[in-house]
Every structure is written in structure tokens, then in C-alpha cells.
$ cat run-v7.txt   # compact mmCIF, C-alpha atoms
# COMPACT_ATOMS: atom_id res chain seq x y z
CA MET A 401 1.05 26.66 -55.92
CA MET A 402 -2.49 25.35 -55.60
CA ARG A 403 -1.15 21.78 -55.87
CA SER A 404 1.41 22.51 -53.13
CA PHE A 405 -1.33 23.83 -50.85
CA GLN A 406 -3.49 20.79 -51.56
CA THR A 407 -0.55 18.51 -50.79
CA LYS A 408 0.07 20.24 -47.46
CA LEU A 409 -3.63 20.05 -46.66
CA ALA A 410 -3.65 16.33 -47.46
CA HIS A 411 -0.61 15.76 -45.23
CA ALA A 412 -2.23 17.70 -42.39
CA ALA A 413 -5.38 15.66 -42.73
CA MET A 414 -3.37 12.45 -42.72
CA TYR A 415 -1.50 13.45 -39.54
CA ALA A 416 -4.79 14.37 -37.88
CA LEU A 417 -6.22 10.96 -38.72
CA VAL A 418 -3.13 9.20 -37.36
CA ALA A 419 -3.35 11.19 -34.10
CA LEU A 420 -7.06 10.43 -33.82
CA ALA A 421 -6.43 6.74 -34.40
CA ALA A 422 -3.76 6.68 -31.70
CA LEU A 423 -6.02 8.48 -29.24
CA THR A 424 -8.87 6.10 -30.01
CA ALA A 425 -6.61 3.09 -29.60
CA THR A 426 -5.52 4.16 -26.11
CA SER A 427 -9.16 4.45 -25.03
CA LEU A 428 -10.21 1.01 -26.25
CA PRO A 429 -10.84 -1.66 -23.61
CA GLY A 430 -8.15 -3.88 -25.10
CA SER A 431 -5.51 -1.21 -24.58
CA ALA A 432 -5.79 -1.10 -20.78
CA ALA A 433 -2.51 -0.56 -19.01
CA GLU A 434 -0.76 -3.07 -16.79
CA VAL A 435 1.20 -2.68 -13.58
CA LYS A 436 3.63 -5.37 -12.47
CA VAL A 437 3.52 -5.83 -8.70
CA ALA A 438 5.91 -7.81 -6.49
CA VAL A 439 3.90 -9.04 -3.49
CA ALA A 440 4.95 -10.66 -0.21
CA ALA A 441 3.51 -14.19 -0.09
CA ASN A 442 1.40 -13.60 3.03
CA PHE A 443 -0.68 -11.05 1.10
CA THR A 444 -1.46 -13.40 -1.82
CA GLU A 445 -5.20 -13.90 -1.45
CA ALA A 446 -5.90 -10.32 -0.41
CA ALA A 447 -3.85 -9.03 -3.35
CA LYS A 448 -5.80 -11.16 -5.82
CA GLU A 449 -9.10 -9.76 -4.60
CA ILE A 450 -7.81 -6.20 -4.56
CA GLY A 451 -6.40 -6.68 -8.06
CA ALA A 452 -9.80 -7.76 -9.36
CA LEU A 453 -11.46 -4.73 -7.78
CA PHE A 454 -8.76 -2.44 -9.19
CA GLU A 455 -9.28 -3.80 -12.70
CA LYS A 456 -13.04 -3.40 -12.41
CA ALA A 457 -12.70 0.19 -11.18
CA SER A 458 -9.95 1.38 -13.52
CA GLY A 459 -9.82 -0.96 -16.47
CA ASP A 460 -6.11 -1.44 -15.76
CA LYS A 461 -4.67 -4.80 -14.76
CA ALA A 462 -2.36 -5.62 -11.86
CA VAL A 463 -0.03 -8.51 -12.69
CA PHE A 464 1.26 -10.08 -9.47
CA SER A 465 4.41 -12.02 -8.62
CA PHE A 466 4.36 -13.58 -5.15
CA GLY A 467 7.30 -14.61 -3.00
CA ALA A 468 9.35 -14.03 0.13
CA THR A 469 10.22 -10.39 0.70
CA GLY A 470 13.96 -11.02 0.61
CA GLN A 471 13.72 -13.04 -2.59
CA LEU A 472 11.62 -10.37 -4.28
CA PHE A 473 14.10 -7.69 -3.27
CA THR A 474 16.95 -9.69 -4.76
CA GLN A 475 15.00 -9.91 -8.02
CA ILE A 476 14.41 -6.16 -7.93
CA THR A 477 18.15 -5.53 -7.56
CA GLN A 478 18.69 -7.80 -10.57
CA ALA A 479 16.44 -5.68 -12.82
CA ALA A 480 13.23 -7.70 -12.53
CA PRO A 481 10.46 -5.73 -14.30
CA PHE A 482 8.45 -4.91 -11.17
CA GLU A 483 6.91 -1.46 -10.83
CA VAL A 484 5.36 -1.67 -7.35
CA PHE A 485 6.67 -3.55 -4.31
CA LEU A 486 4.37 -4.75 -1.51
CA SER A 487 6.75 -5.95 1.19
CA ALA A 488 6.10 -7.94 4.35
CA ASP A 489 8.20 -5.52 6.37
CA GLN A 490 9.33 -1.91 6.50
CA LYS A 491 13.09 -2.22 6.25
CA THR A 492 13.21 -3.77 2.77
CA PRO A 493 11.32 -0.99 0.96
CA LYS A 494 13.49 1.54 2.78
CA LYS A 495 16.54 -0.36 1.56
CA ALA A 496 15.15 -0.17 -1.97
CA ILE A 497 14.87 3.61 -1.60
CA ALA A 498 18.39 3.88 -0.16
CA GLU A 499 19.77 1.97 -3.15
CA GLY A 500 17.96 4.19 -5.65
CA LEU A 501 15.51 1.49 -6.70
CA ALA A 502 12.33 3.10 -5.35
CA VAL A 503 10.66 6.49 -4.97
CA ALA A 504 10.97 7.84 -1.42
CA ASP A 505 7.77 9.87 -1.20
CA SER A 506 5.64 6.91 -2.34
CA LEU A 507 6.39 4.83 0.78
CA TYR A 508 3.54 3.99 3.14
CA THR A 509 2.26 1.15 5.35
CA TYR A 510 -0.45 -0.70 3.44
CA ALA A 511 -1.15 -3.42 6.03
CA THR A 512 -0.15 -4.85 9.38
CA GLY A 513 -0.01 -8.61 9.81
CA ARG A 514 -0.55 -11.16 12.58
CA VAL A 515 1.19 -14.47 13.31
CA VAL A 516 -0.81 -17.61 14.10
CA LEU A 517 0.21 -21.05 15.31
CA PHE A 518 -1.93 -23.40 13.23
CA SER A 519 -2.61 -27.12 12.86
CA LYS A 520 -5.07 -29.05 10.73
CA SER A 521 -5.62 -31.23 13.78
CA LYS A 522 -8.65 -30.02 15.70
CA ASP A 523 -7.18 -30.66 19.14
CA LEU A 524 -3.44 -29.99 18.74
CA VAL A 525 -3.09 -26.23 19.22
CA LYS A 526 -3.99 -24.99 22.70
CA GLY A 527 -2.12 -21.74 23.08
CA GLU A 528 1.50 -21.40 24.07
CA ASP A 529 1.29 -24.67 26.00
CA THR A 530 1.38 -26.47 22.65
CA LEU A 531 4.88 -25.12 22.05
CA LYS A 532 6.04 -25.79 25.59
CA ALA A 533 4.81 -29.39 25.51
CA GLY A 534 6.32 -29.96 22.05
CA LYS A 535 4.19 -33.03 21.36
CA PHE A 536 4.71 -32.98 17.61
CA ASP A 537 7.46 -34.10 15.26
CA LYS A 538 7.67 -31.10 12.93
CA ILE A 539 6.86 -27.38 13.11
CA SER A 540 6.97 -25.24 9.98
CA ILE A 541 8.07 -21.64 9.67
CA ALA A 542 9.00 -19.38 6.77
CA ASN A 543 12.69 -18.77 6.17
CA PRO A 544 13.56 -16.14 8.81
CA ALA A 545 16.38 -14.77 6.66
CA THR A 546 14.03 -13.69 3.87
CA ALA A 547 10.50 -13.72 5.33
CA PRO A 548 9.45 -11.41 8.20
CA TYR A 549 6.83 -13.91 9.35
CA GLY A 550 9.60 -16.48 9.76
CA ALA A 551 11.67 -14.02 11.80
CA ALA A 552 8.60 -13.38 13.95
CA ALA A 553 8.17 -17.12 14.53
CA ILE A 554 11.74 -17.40 15.81
CA GLU A 555 11.17 -14.39 18.06
CA VAL A 556 8.03 -15.95 19.53
CA MET A 557 9.77 -19.23 20.33
CA LYS A 558 12.72 -17.47 21.93
CA LYS A 559 10.51 -15.26 24.09
CA LEU A 560 8.64 -18.32 25.31
CA GLY A 561 11.93 -20.09 26.03
CA VAL A 562 11.20 -23.02 23.73
CA TYR A 563 13.43 -22.32 20.75
CA ASP A 564 16.33 -24.59 21.70
CA ALA A 565 13.99 -27.51 22.32
CA LEU A 566 12.04 -26.98 19.09
CA ALA A 567 14.90 -26.05 16.74
CA PRO A 568 15.51 -29.71 15.66
CA LYS A 569 11.84 -29.99 14.71
CA ILE A 570 11.73 -26.91 12.48
CA VAL A 571 11.10 -27.26 8.76
CA GLN A 572 11.54 -24.07 6.74
CA GLY A 573 9.51 -22.95 3.78
CA ASN A 574 10.98 -20.51 1.30
CA ASN A 575 8.14 -18.14 2.19
CA ILE A 576 5.01 -18.05 4.31
CA ALA A 577 2.97 -19.70 1.55
CA GLN A 578 5.22 -22.75 1.65
CA ALA A 579 5.23 -22.76 5.45
CA TYR A 580 1.45 -23.03 5.32
CA GLN A 581 1.65 -25.68 2.62
CA PHE A 582 3.79 -27.86 4.90
CA VAL A 583 1.01 -27.83 7.49
CA ASP A 584 -1.74 -28.26 4.91
CA THR A 585 -0.10 -31.35 3.40
CA GLY A 586 0.87 -32.91 6.72
CA THR A 587 4.62 -32.45 6.29
CA ALA A 588 4.45 -30.64 9.64
CA GLU A 589 1.76 -31.16 12.25
CA VAL A 590 1.87 -27.51 13.27
CA GLY A 591 3.29 -24.27 11.92
CA PHE A 592 3.56 -20.53 12.25
CA VAL A 593 1.51 -18.95 9.47
CA ALA A 594 -0.11 -15.61 8.70
CA LEU A 595 -3.58 -14.94 10.06
CA SER A 596 -4.60 -13.97 6.52
CA GLN A 597 -3.97 -17.53 5.33
CA ILE A 598 -6.38 -19.25 7.71
CA ILE A 599 -8.86 -16.57 8.78
CA ARG A 600 -11.43 -17.76 6.24
CA LYS A 601 -11.01 -21.42 7.18
CA ASP A 602 -12.93 -23.24 9.91
CA GLU A 603 -10.81 -26.38 10.05
CA GLY A 604 -8.12 -27.29 12.53
CA SER A 605 -6.97 -25.46 15.63
CA ARG A 606 -5.12 -22.16 16.03
CA TRP A 607 -3.61 -19.69 18.42
CA VAL A 608 -3.43 -16.04 17.41
CA VAL A 609 -0.06 -15.14 18.89
CA PRO A 610 -0.20 -12.13 21.26
CA ASP A 611 1.38 -8.97 19.85
CA ASP A 612 3.82 -8.64 22.73
CA LEU A 613 5.67 -11.80 21.67
CA TYR A 614 7.01 -10.39 18.41
CA ALA A 615 7.81 -7.08 16.78
CA PRO A 616 4.89 -5.55 14.83
CA ILE A 617 4.72 -6.75 11.24
CA ALA A 618 4.06 -3.47 9.48
CA GLN A 619 4.07 -4.07 5.74
CA ASP A 620 5.13 -1.20 3.49
CA ALA A 621 4.41 -0.48 -0.15
CA VAL A 622 6.60 1.56 -2.45
CA LEU A 623 6.69 2.69 -6.08
CA LEU A 624 9.74 1.31 -7.83
CA ARG A 625 11.74 3.43 -10.26
CA ARG A 626 10.56 1.27 -13.14
CA GLY A 627 7.00 2.35 -12.40
CA GLU A 628 7.60 6.11 -12.20
CA GLU A 629 6.31 6.75 -15.70
CA ASN A 630 3.41 4.29 -15.50
CA PRO A 631 0.17 5.96 -14.39
CA ALA A 632 -1.30 2.52 -13.68
CA ALA A 633 1.40 1.87 -11.06
CA LYS A 634 0.57 5.08 -9.23
CA ALA A 635 -3.14 4.39 -9.57
CA PHE A 636 -2.73 0.94 -8.03
CA LEU A 637 -0.86 2.34 -5.02
CA ALA A 638 -3.61 4.93 -4.56
CA PHE A 639 -6.32 2.27 -4.86
CA LEU A 640 -4.54 0.17 -2.23
CA LYS A 641 -5.18 3.01 0.26
CA GLY A 642 -8.86 3.29 -0.55
CA PRO A 643 -11.99 1.92 1.14
CA GLU A 644 -12.51 -1.06 -1.19
CA ALA A 645 -8.98 -2.33 -0.63
CA SER A 646 -9.18 -1.64 3.11
CA ALA A 647 -12.33 -3.77 3.36
CA VAL A 648 -10.48 -6.68 1.76
CA LYS A 649 -7.52 -6.26 4.11
CA GLU A 650 -9.78 -6.33 7.17
CA LYS A 651 -11.55 -9.40 5.81
CA TYR A 652 -8.21 -11.20 5.78
CA GLY A 653 -7.28 -10.09 9.27
CA TYR A 654 -4.94 -7.24 8.43
CA GLY A 655 -4.79 -3.86 10.08
CA THR A 656 -4.76 -1.04 7.55
CA GLY A 657 -2.27 1.32 9.19
CA VAL A 658 0.95 1.44 11.17
CA VAL A 659 -0.75 0.04 14.27
CA ALA A 660 -2.67 -3.19 13.74
CA SER A 661 -6.39 -3.15 14.35
CA VAL A 662 -5.98 -5.83 17.02
CA ALA A 663 -9.55 -5.82 18.26
CA LYS A 664 -10.91 -6.15 14.75
CA GLN A 665 -8.53 -8.97 13.91
CA LYS A 666 -9.40 -10.91 17.04
CA GLU A 667 -13.07 -10.43 16.24
CA LEU A 668 -12.50 -11.88 12.76
CA ALA A 669 -10.31 -14.77 13.89
CA PRO A 670 -12.29 -18.01 14.38
CA THR A 671 -11.90 -19.59 17.78
CA PRO A 672 -10.49 -23.13 18.06
$ encode --input "run-v7.txt" --output "C-alpha cells"
Amino acid sequence: MMRSFQTKLAHAAMYALVALAALTATSLPGSAAEVKVAVAANFTEAAKEIGALFEKASGDKAVFSFGATGQLFTQITQAAPFEVFLSADQKTPKKAIAEGLAVADSLYTYATGRVVLFSKSKDLVKGEDTLKAGKFDKISIANPATAPYGAAAIEVMKKLGVYDALAPKIVQGNNIAQAYQFVDTGTAEVGFVALSQIIRKDEGSRWVVPDDLYAPIAQDAVLLRRGEENPAAKAFLAFLKGPEASAVKEKYGYGTGVVASVAKQKELAPTP
């Protein structure tokens, strides 16, 4: 009987040690959690900075995949392992919720974006007159079918009455990052890009397109079903709302709510 008691005691001690080891392992720096985040291409640089701040504050790591909103959504529908979705619009996250791919009460607007007509040439962009004159061979935009910034570019040209004249000159990038790349490499002399992509650059010439020429680009974030059981996913979404993340968004020319902080963005935007 004594031996049986000793055996039970030994087993209990062993289980306690195993539990303690597991608890210790989860608290070690090397065991930090990860959250996989699908991010609209326009938010690339801001996301990288916010991710670094999030890791510093929490010890958890945000692993980003960047692309056009429509392309990312297609990947989500095909079981891509994303846990959080930072869209470039509002309708796509709502579609994810409607299709049972995202958590409804996690939805919120994390940023509002601005469209800019940009050229690496110092003297090319001079407001809307640049589009009306059309003295360039190529103009780049993001694919309007998958990228909200591309759809906004089309809307701007149509409202100014220049779309038909400029349509033959359009070169499309898969996303806003590629649209900017076309201008940066000289494939196109001018292009519609996101303010966030050029706000920290002094080169070239630019025109921050007035808000009344395109529908507001409110960008929504949502927790995907795959991230429901991952505390790091929820923590990242919460961090994205906080003051550190908001400071980064403003630095890159984004508003931080449903209505863009237009005055702040114009203050940040360098003049041609």
C-alpha cells in the first residue's frame, strides 16, 4: 500500500513538472505568438512600422502578406492562413463577414487614404491641368477591379472628363505598389498612387487629388475566422487602434477614422 501511495505521489510530481515546463515554455521569449495579416498594398510601409512597434510592445510578431485587396480576398476564400485582414476598402471585409469568413463585431475603419497624381519629373505634375493636357505617353494606375485606389483613379479621370482621352495611355499595376513602381522605374511618366507611398519623399512633382473627385477610401480591418482563437490576432487589431499606431498612420498621410483628417494630410503632404 505504501508503494502504491509512493507511486501515485511520483506520478503527481511528474505531472506537476510537465505542467510547469509547459507554462515556462510559453513564457519564454522564443515562444512568442504570431499573427498572420493580409494587408492592402497601399498600407505596406505603415504596416511594417506598426508591426515593429507591436512586436516591441507585446513580444508577439505580425507576419504580413501584401497585395491588392481583391487578390487577398480571393486567397482568403481559398483557405489562405490569414488571421487578420486589413483591406483598402469597406465592402470587401463586409463581404468576408457575409460569407462567414470573418467576425462581424471585429470590423472597424483603421485608416482613410488619399489619392495623389505623382511623377518623378519635377515639372510634370501641375494639378488637374496635367491630366487635361495629357502631355505624357503613359499613366499608371492600380487595377480598378481589385484595388480601390485604381477604382478611385478611374473615378477622378471620369469626373474631370479626361478618361476617354487618357484610356489608351493607361498601364495597370496588379496593385498600388506596382502602380507606383511603374512611375518609379520610368515605365510611366505619371501615375495615380497613394499619398502614403510618396509623403516621405521630396523628389518629383505631385497633386493631392481633392476629396470631391472620388469616393472616400475608408479602409476597414476585420478579424478572420482563422484568428478567432489566436490572442495575438486580437491583440494586433487592438494595437492598430492605439496611439502608437495612429501616430504612424498620420505620418504616412492617413486619417485614423471614418472621415479622413484632410487638414492634417495636406499639412504633411510636401508641396511640388
$ closest_residue --input "run-v7.txt" --among "A:Val525, A:Ala615, A:Ala457, A:Ala594" --to "Gly513 of chain A" --atoms "all atoms listed in the file"
A:Ala594
$ closest_residue --input "run-v7.txt" --among "A:Pro493, A:Gly604, A:Gly561, A:Gly470" --to "Leu531 of chain A" --atoms "only C-alpha atoms"
A:Gly561
$ closest_residue --input "run-v7.txt" --among "A:Tyr549, A:Phe464, A:Phe485, A:Phe473" --to "Glu449 of chain A" --atoms "only C-alpha atoms"
A:Phe464
$ residues_near_point --input "run-v7.txt" --point "(11.6, -24.5, 10.6)" --cutoff "10 Å" --atoms "all atoms listed in the file" --output "PyMOL selection string"
chain A and resi 538-544+550+553-554+566-573+579+588+591-592
$ residues_around --input "run-v7.txt" --residues "segment 508-511 of chain A" --least-positions-apart "3" --cutoff "10 Å" --atoms "all atoms listed in the file" --output "ChimeraX atom specification"
/A:443,486-490,493,504-505,617-623,637,640-641,645-646,649-650,653-661
$ closest_residue --input "run-v7.txt" --among "A:Glu528, A:Glu555, A:Glu644, A:Asp584" --to "Pro616 of chain A" --atoms "only C-alpha atoms"
A:Glu555
$ atom_distance --input "run-v7.txt" --atom1 "atom CA of Arg514 of chain A" --atom2 "atom CA of Ile576 of chain A"
12.1 Å
$ residues_near_point --input "run-v7.txt" --point "(-8.5, 3.5, -13.7)" --cutoff "10 Å" --atoms "only C-alpha atoms" --output "JSON, numbers by chain"
{"A": [432, 433, 454, 455, 456, 457, 458, 459, 460, 461, 631, 632, 635, 636, 639]}
$ atom_distance --input "run-v7.txt" --atom1 "atom CA of Trp607 of chain A" --atom2 "atom CA of Gln471 of chain A"
28.0 Å
$ atom_distance --input "run-v7.txt" --atom1 "atom CA of Gly642 of chain A" --atom2 "atom CA of Leu624 of chain A"
20.1 Å
$ residues_around --input "run-v7.txt" --residues "Phe482 of chain A" --least-positions-apart "2" --cutoff "10 Å" --atoms "only C-alpha atoms" --output "ChimeraX atom specification"
/A:435-439,463-465,472,475-476,479-480,484-485,623-627,633
$ residues_around --input "run-v7.txt" --residues "Val515 of chain A" --least-positions-apart "5" --cutoff "6 Å" --atoms "only C-alpha atoms" --output "number ranges by chain"
A: 593-595, 609
$ build_atoms --input "run-v7.txt" --residues "segment 444-455 of chain A" --atoms "N, CA, C and O atoms" --output "tab-separated table (two decimals), in the coordinates of the input"
chain	number	residue	atom	x	y	z
A	444	THR	N	-1.04	-12.83	-0.53
A	444	THR	CA	-1.46	-13.40	-1.82
A	444	THR	C	-2.95	-13.29	-2.06
A	444	THR	O	-3.39	-12.72	-3.08
A	445	GLU	N	-3.76	-13.85	-1.19
A	445	GLU	CA	-5.20	-13.90	-1.45
A	445	GLU	C	-5.82	-12.51	-1.42
A	445	GLU	O	-6.69	-12.18	-2.23
A	446	ALA	N	-5.38	-11.69	-0.48
A	446	ALA	CA	-5.90	-10.32	-0.41
A	446	ALA	C	-5.53	-9.55	-1.68
A	446	ALA	O	-6.36	-8.80	-2.23
A	447	ALA	N	-4.29	-9.73	-2.14
A	447	ALA	CA	-3.85	-9.03	-3.35
A	447	ALA	C	-4.69	-9.42	-4.56
A	447	ALA	O	-5.04	-8.58	-5.39
A	448	LYS	N	-4.99	-10.70	-4.68
A	448	LYS	CA	-5.80	-11.16	-5.82
A	448	LYS	C	-7.16	-10.50	-5.83
A	448	LYS	O	-7.66	-10.08	-6.89
A	449	GLU	N	-7.78	-10.41	-4.67
A	449	GLU	CA	-9.10	-9.76	-4.60
A	449	GLU	C	-9.00	-8.27	-4.89
A	449	GLU	O	-9.83	-7.70	-5.60
A	450	ILE	N	-7.99	-7.64	-4.33
A	450	ILE	CA	-7.81	-6.20	-4.56
A	450	ILE	C	-7.50	-5.95	-6.03
A	450	ILE	O	-7.99	-4.98	-6.62
A	451	GLY	N	-6.71	-6.82	-6.64
A	451	GLY	CA	-6.40	-6.68	-8.06
A	451	GLY	C	-7.64	-6.74	-8.93
A	451	GLY	O	-7.78	-5.97	-9.88
A	452	ALA	N	-8.56	-7.65	-8.59
A	452	ALA	CA	-9.80	-7.76	-9.36
A	452	ALA	C	-10.65	-6.50	-9.21
A	452	ALA	O	-11.24	-6.01	-10.19
A	453	LEU	N	-10.70	-5.96	-8.01
A	453	LEU	CA	-11.46	-4.73	-7.78
A	453	LEU	C	-10.82	-3.54	-8.51
A	453	LEU	O	-11.52	-2.69	-9.06
A	454	PHE	N	-9.49	-3.51	-8.49
A	454	PHE	CA	-8.76	-2.44	-9.19
A	454	PHE	C	-9.04	-2.48	-10.69
A	454	PHE	O	-9.28	-1.45	-11.32
A	455	GLU	N	-9.02	-3.67	-11.26
A	455	GLU	CA	-9.28	-3.80	-12.70
A	455	GLU	C	-10.71	-3.38	-13.03
A	455	GLU	O	-10.96	-2.71	-14.04
